[in-house]
Protein chains: 2
Amino acid sequence: MLEDIYMVTMKKIAELCGVSRGTVDRALNGRGRVNAETAAMIKKMAEQLGYEPNPAGKALAARKNHPVIGVLLPSEGNAFFDDVIHGMDRAAAAYAIYGLTVRYYPMKGYNVDKQLHLMEQMKGKVNALIISPIDDARIAKAIDDFVDAGIFVVTVVNDIKSSKRHCYVGSDYFNGGETACALLHALLGEQAKVGIVMGSRQVLGHRERLEGFEHRMKRLPGFSIVDVVENGDDEICSYERTKNLLDDHPDISAMFLLAAGVYGACRAIMQLPEGKRPVTIAFDSVPSTVEMMRQGIVKAILYQHPVRQGRMAINLAFEYLVNGRMPDKKNYIMKNEIRLLENL
Amino acid sequence: MLEDIYMVTMKKIAELCGVSRGTVDRALNGRGRVNAETAAMIKKMAEQLGYEPNPAGKALAARKNHPVIGVLLPSEGNAFFDDVIHGMDRAAAAYAIYGLTVRYYPMKGYNVDKQLHLMEQMKGKVNALIISPIDDARIAKAIDDFVDAGIFVVTVVNDIKSSKRHCYVGSDYFNGGETACALLHALLGEQAKVGIVMGSRQVLGHRERLEGFEHRMKRLPGFSIVDVVENGDDEICSYERTKNLLDDHPDISAMFLLAAGVYGACRAIMQLPEGKRPVTIAFDSVPSTVEMMRQGIVKAILYQHPVRQGRMAINLAFEYLVNGRMPDKKNYIMKNEIRLLENL
DNA sequence: TTGTATGCGTTATCAA
DNA sequence: TTGATAACGCATACAA
């Protein structure tokens, strides 16, 4: 009987220990005001019986609490986050019955001061923080302050490993780079001259993708990276830099667009005659990229389950706030999926 | 305040209607023994206030009920279902606190009489049926009997559209075929002579995959199907038929393994000299197929989220049994993902 | 330091 | 046909 382990209730423990339910509650939840010996005895008993608190009971009793999750994302003008937020909204709707509220703090781009400012605003207003942090020491420090103040912190999409955040939900960027390289290998065969367009070396995920790509490439002697340009996630810049890249290196046979700015880069690629265009792959199925797949410019994309990332982040915060459950892993990593136009 | 709409409880409705909570319960849950007019009034009030039952309350009260989900799968000796069952187990563990039990009825292969026999055994013992049905009129009839008896029925992995099943969880097989064809196109370019190994034309999903492949191929004049062989999901048969296929058609440049028997087919392919081997793709990342990817025989697979399929099937049954919520869709379709060795 | 009473929202049982 | 009451598991305010 699988469910028998859940049949262990506080009431039962109280009976077995010959104390009241209140005492059991205080002992198990460390609320103090309880004899040290009795507490030890109760804890031991709970341990032995494999007591697990019943979430439904907790939820019911906690109706007066109205925990708030604060969500801080650089989502303005970044279509990828639309899907992340969609996942969050759906999860939030499901948990509204527990009195859970989600409050969004959107920002544009990767300005450290701006992000710090928003974090300052959130202080005292949220019981959990979901953040897509900039990879910066000051941000790490600010996150640690939240954790030290007893706030539950989840990083999503981007991570800061040096911080005390409770856990991370996102993709494996290094593996994304490896997979991209293997994909180009599968598409092109043994020989390729690759042009790479990235967002910014300031962004940890972008760097890791590049490293993953290079790492996988070591096993491919016929592969070489012609050049790597940065577009700062800006479409116009992406267009210009890609145009220059293609002009300078007419021998490029593959393009790897490892971050935003896909549309701009593709516009530059489209200027080449149809037979001369490099095989192009990109990340994420945002609308403009899908359009470029329809046009035949982008051959395949790597998909990182943005909706699930959003849902999972809310999930973890919910479990902590409402059920008092710590995440059982430090990292929740989504697979990098390969998608063609056919299986978008 | 988003959560205010959920603050509508049965108690509140009872007060507003000037009746007791018991009456509200009977009216809203259609348990009978209630005056038609009062029932209508209560329902209207609940509707107006946007009443949503509180799952936590339900869970607590439903501890006395022990709903049982019966799961009938042709899982014996089929590694794909291991993942499906894993997803079910995890979901079941999460719902055990609601007193939910899952009971498995495994079978081997696609014998209609055997499946009917097991369904007969389940009668009266389960409150919901999750089944991977054989595409047969007698099975459809048996499913209808369950539905008529008030049992909630979910088809998973395989479907019978002609039955009254409440909903289907699985993949889009036609799209899987299309995607496979597009993938081979991406890997091989414009020219390909394709050999196809399938399980059985008796299996709806296999037929649909083949149709999807053929449909997508219409846009590829350089593509042709050399031959289609059936292996009955048997490794030895798969090996023999594939061997004959390759012997008869030395010009084959691509192999599409659209069902089980991947290992057997690969063993036949391995007998060809390394430079002469066709580009091979297959479905599902079962261990033996993964091994064939490591060996470099299978270049890519199509992945159909088996774990999520299992989880979702349990989910739907749970929502119905415990929360009384009908599924909001008839079909829950997983994406066909493309995976290389790198992103398995 | 400990016990008791009450309430959260729903359902089931029994009495009216 | 209805209403009252207890119960599910947990948390908390208050009494002892």
# chains A, B, ... in the order shown; residues from 1 in each chain; ligands from 1
>>> interface_residues(of="chain D", to="chain B", cutoff="12 Å", atoms="only C-alpha atoms (C1' of nucleotides)", output="PyMOL selection string")
chain D and resi 1-10
>>> calpha_fit_rmsd(fixed="chain A", moving="chain B")
0.6 Å
>>> interface_residues(of="chain C", to="chain B", cutoff="8 Å", atoms="only C-alpha atoms (C1' of nucleotides)", output="list in words")
DG9, DT10 and DT11 of chain C
>>> write_last_selection(atoms="all heavy atoms", output="PDB file, in the first residue's frame")
ATOM      1  P    DG C   9     -12.584  28.518   3.728  1.00  0.00           P
ATOM      2  OP1  DG C   9     -12.219  29.474   2.670  1.00  0.00           O
ATOM      3  OP2  DG C   9     -13.669  28.825   4.653  1.00  0.00           O
ATOM      4  O5'  DG C   9     -12.876  27.109   3.047  1.00  0.00           O
ATOM      5  C5'  DG C   9     -12.010  26.632   2.039  1.00  0.00           C
ATOM      6  C4'  DG C   9     -12.505  25.290   1.535  1.00  0.00           C
ATOM      7  O4'  DG C   9     -12.432  24.336   2.612  1.00  0.00           O
ATOM      8  C3'  DG C   9     -13.960  25.290   1.054  1.00  0.00           C
ATOM      9  O3'  DG C   9     -14.003  24.582  -0.176  1.00  0.00           O
ATOM     10  C2'  DG C   9     -14.710  24.578   2.170  1.00  0.00           C
ATOM     11  C1'  DG C   9     -13.656  23.636   2.724  1.00  0.00           C
ATOM     12  N9   DG C   9     -13.802  23.300   4.136  1.00  0.00           N
ATOM     13  C8   DG C   9     -14.218  24.128   5.145  1.00  0.00           C
ATOM     14  N7   DG C   9     -14.225  23.547   6.320  1.00  0.00           N
ATOM     15  C5   DG C   9     -13.783  22.260   6.073  1.00  0.00           C
ATOM     16  C6   DG C   9     -13.591  21.171   6.956  1.00  0.00           C
ATOM     17  O6   DG C   9     -13.765  21.129   8.167  1.00  0.00           O
ATOM     18  N1   DG C   9     -13.127  20.042   6.284  1.00  0.00           N
ATOM     19  C2   DG C   9     -12.895  19.979   4.935  1.00  0.00           C
ATOM     20  N2   DG C   9     -12.458  18.822   4.456  1.00  0.00           N
ATOM     21  N3   DG C   9     -13.073  20.988   4.093  1.00  0.00           N
ATOM     22  C4   DG C   9     -13.520  22.092   4.726  1.00  0.00           C
ATOM     23  P    DT C  10     -15.400  24.285  -0.911  1.00  0.00           P
ATOM     24  OP1  DT C  10     -15.170  24.410  -2.360  1.00  0.00           O
ATOM     25  OP2  DT C  10     -16.484  25.062  -0.277  1.00  0.00           O
ATOM     26  O5'  DT C  10     -15.595  22.758  -0.567  1.00  0.00           O
ATOM     27  C5'  DT C  10     -14.588  21.846  -0.968  1.00  0.00           C
ATOM     28  C4'  DT C  10     -14.846  20.483  -0.376  1.00  0.00           C
ATOM     29  O4'  DT C  10     -14.820  20.563   1.065  1.00  0.00           O
ATOM     30  C3'  DT C  10     -16.207  19.875  -0.731  1.00  0.00           C
ATOM     31  O3'  DT C  10     -15.987  18.771  -1.614  1.00  0.00           O
ATOM     32  C2'  DT C  10     -16.797  19.410   0.599  1.00  0.00           C
ATOM     33  C1'  DT C  10     -15.648  19.560   1.583  1.00  0.00           C
ATOM     34  N1   DT C  10     -16.067  19.980   2.947  1.00  0.00           N
ATOM     35  C2   DT C  10     -15.940  19.095   3.985  1.00  0.00           C
ATOM     36  O2   DT C  10     -15.517  17.962   3.853  1.00  0.00           O
ATOM     37  N3   DT C  10     -16.340  19.579   5.218  1.00  0.00           N
ATOM     38  C4   DT C  10     -16.831  20.839   5.486  1.00  0.00           C
ATOM     39  O4   DT C  10     -17.151  21.159   6.626  1.00  0.00           O
ATOM     40  C5   DT C  10     -16.942  21.716   4.349  1.00  0.00           C
ATOM     41  C7   DT C  10     -17.456  23.112   4.534  1.00  0.00           C
ATOM     42  C6   DT C  10     -16.555  21.253   3.145  1.00  0.00           C
ATOM     43  P    DT C  11     -17.216  17.992  -2.199  1.00  0.00           P
ATOM     44  OP1  DT C  11     -16.746  17.374  -3.438  1.00  0.00           O
ATOM     45  OP2  DT C  11     -18.402  18.853  -2.186  1.00  0.00           O
ATOM     46  O5'  DT C  11     -17.437  16.838  -1.117  1.00  0.00           O
ATOM     47  C5'  DT C  11     -16.397  15.908  -0.884  1.00  0.00           C
ATOM     48  C4'  DT C  11     -16.811  14.974   0.234  1.00  0.00           C
ATOM     49  O4'  DT C  11     -16.995  15.712   1.458  1.00  0.00           O
ATOM     50  C3'  DT C  11     -18.112  14.211  -0.010  1.00  0.00           C
ATOM     51  O3'  DT C  11     -17.849  12.840   0.231  1.00  0.00           O
ATOM     52  C2'  DT C  11     -19.081  14.802   1.012  1.00  0.00           C
ATOM     53  C1'  DT C  11     -18.132  15.217   2.117  1.00  0.00           C
ATOM     54  N1   DT C  11     -18.590  16.320   3.020  1.00  0.00           N
ATOM     55  C2   DT C  11     -18.501  16.133   4.378  1.00  0.00           C
ATOM     56  O2   DT C  11     -18.078  15.116   4.887  1.00  0.00           O
ATOM     57  N3   DT C  11     -18.930  17.219   5.132  1.00  0.00           N
ATOM     58  C4   DT C  11     -19.421  18.415   4.663  1.00  0.00           C
ATOM     59  O4   DT C  11     -19.765  19.298   5.433  1.00  0.00           O
ATOM     60  C5   DT C  11     -19.478  18.537   3.226  1.00  0.00           C
ATOM     61  C7   DT C  11     -19.993  19.798   2.628  1.00  0.00           C
ATOM     62  C6   DT C  11     -19.073  17.496   2.482  1.00  0.00           C
TER      63       DT C  11
END
>>> closest_residue(among="A:Ala140, A:Ala192, A:Cys181, A:Val169", to="chain B", atoms="only C-alpha atoms")
A:Cys181
>>> residues_around(residues="range 224-240 of chain B", least_positions_apart="5", cutoff="6 Å", atoms="only C-alpha atoms (C1' of nucleotides)", output="PyMOL selection string")
chain B and resi 193-200+260-261+264-265+268
>>> select_by_dssp(residues="range 170-281 of chain B", states="helix (DSSP H, G or I)", output="NGL selection string")
:B and (173-188 or 204-217 or 235-248 or 262-270 or 274-276)
>>> select_by_dssp(residues="range 34-280 of chain B", states="strand (DSSP E or B)", output="number ranges by chain")
B: 68-73, 101-106, 128-131, 152-156, 167-171, 192-198, 223-230, 254-257, 279-280
>>> write_last_selection(atoms="C-alpha atoms", output="compact mmCIF listing (two decimals), in the first residue's frame")
# COMPACT_ATOMS: atom_id res chain seq x y z
CA VAL B 68 -8.46 3.13 -7.98
CA ILE B 69 -6.99 3.74 -11.42
CA GLY B 70 -6.51 0.62 -13.49
CA VAL B 71 -3.73 0.76 -16.06
CA LEU B 72 -3.76 -1.74 -18.92
CA LEU B 73 -0.71 -1.60 -21.16
CA THR B 101 -4.22 4.00 -5.94
CA VAL B 102 -2.88 2.82 -9.27
CA ARG B 103 -3.15 -0.80 -10.23
CA TYR B 104 -1.26 -2.16 -13.23
CA TYR B 105 -2.47 -4.88 -15.57
CA PRO B 106 0.48 -5.54 -17.88
CA ALA B 128 -10.89 4.83 -13.98
CA LEU B 129 -9.29 2.98 -16.86
CA ILE B 130 -6.09 3.98 -18.58
CA ILE B 131 -5.53 1.78 -21.58
CA PHE B 152 -13.55 7.32 -16.75
CA VAL B 153 -11.46 6.09 -19.69
CA VAL B 154 -8.21 7.53 -21.02
CA THR B 155 -6.43 6.01 -23.98
CA VAL B 156 -2.67 6.43 -23.90
CA CYS B 167 -9.72 11.48 -23.95
CA TYR B 168 -6.43 10.45 -25.51
CA VAL B 169 -2.88 11.13 -24.39
CA GLY B 170 -0.19 10.39 -26.90
CA SER B 171 1.74 11.63 -29.84
CA ALA B 192 17.43 9.51 -51.10
CA LYS B 193 16.38 5.93 -51.55
CA VAL B 194 14.61 5.00 -48.36
CA GLY B 195 14.09 1.59 -46.82
CA ILE B 196 11.39 1.42 -44.17
CA VAL B 197 11.01 -1.09 -41.35
CA MET B 198 7.71 -0.96 -39.52
CA PHE B 223 13.10 10.82 -52.61
CA SER B 224 11.70 7.37 -53.15
CA ILE B 225 10.68 4.50 -50.89
CA VAL B 226 12.44 1.35 -52.01
CA ASP B 227 10.45 -1.04 -49.85
CA VAL B 228 8.51 -1.32 -46.60
CA VAL B 229 8.92 -4.41 -44.45
CA GLU B 230 7.08 -5.45 -41.28
CA ALA B 254 18.47 5.89 -45.81
CA MET B 255 16.69 3.66 -43.33
CA PHE B 256 13.59 4.70 -41.43
CA LEU B 257 12.84 2.45 -38.46
CA VAL B 279 21.70 7.07 -42.80
CA THR B 280 19.39 5.58 -40.19
>>> closest_residue(among="B:Ala300, B:Leu210, B:Leu246, B:Ala36", to="chain A", atoms="only C-alpha atoms")
B:Ala300
>>> atom_distance(atom1="CA of Asp247 in chain A", atom2="CA of Arg267 in chain A")
13.7 Å
>>> interface_residues(of="chain A", to="chain B", cutoff="7 Å", atoms="only C-alpha atoms", output="ChimeraX atom specification")
/A:3,6,54,56-57,59-60,96-97,99,178-179,186-187,335-339,342-343
>>> write_last_selection(atoms="C-alpha atoms", output="PDB file, in the first residue's frame")
ATOM      1  CA  GLU A   3      -0.406   5.527   0.476  1.00  0.00           C
ATOM      2  CA  TYR A   6       0.857   9.150   4.274  1.00  0.00           C
ATOM      3  CA  ASN A  54      -0.245  16.331   4.384  1.00  0.00           C
ATOM      4  CA  ALA A  56      -3.980  19.401   1.750  1.00  0.00           C
ATOM      5  CA  GLY A  57      -4.197  19.877   5.483  1.00  0.00           C
ATOM      6  CA  ALA A  59      -3.156  24.317   2.534  1.00  0.00           C
ATOM      7  CA  LEU A  60      -6.440  24.416   4.359  1.00  0.00           C
ATOM      8  CA  ALA A  96      -4.501  30.758  -6.754  1.00  0.00           C
ATOM      9  CA  ILE A  97      -6.783  28.585  -4.640  1.00  0.00           C
ATOM     10  CA  GLY A  99      -4.039  32.174  -1.795  1.00  0.00           C
ATOM     11  CA  GLU A 178      27.483  20.826 -28.049  1.00  0.00           C
ATOM     12  CA  THR A 179      24.155  19.838 -29.535  1.00  0.00           C
ATOM     13  CA  ALA A 186      24.753  15.986 -39.094  1.00  0.00           C
ATOM     14  CA  LEU A 187      23.487  18.557 -41.578  1.00  0.00           C
ATOM     15  CA  LYS A 335      16.593  19.255 -22.457  1.00  0.00           C
ATOM     16  CA  ASN A 336      17.762  21.000 -25.607  1.00  0.00           C
ATOM     17  CA  GLU A 337      15.398  19.783 -28.308  1.00  0.00           C
ATOM     18  CA  ILE A 338      16.034  19.985 -32.023  1.00  0.00           C
ATOM     19  CA  ARG A 339      13.083  21.150 -34.071  1.00  0.00           C
ATOM     20  CA  GLU A 342       7.621  20.185 -39.276  1.00  0.00           C
ATOM     21  CA  ASN A 343       7.681  19.602 -35.517  1.00  0.00           C
TER      22      ASN A 343
END
>>> atom_distance(atom1="CA of Glu190 in chain A", atom2="CA of Cys266 in chain B")
22.9 Å
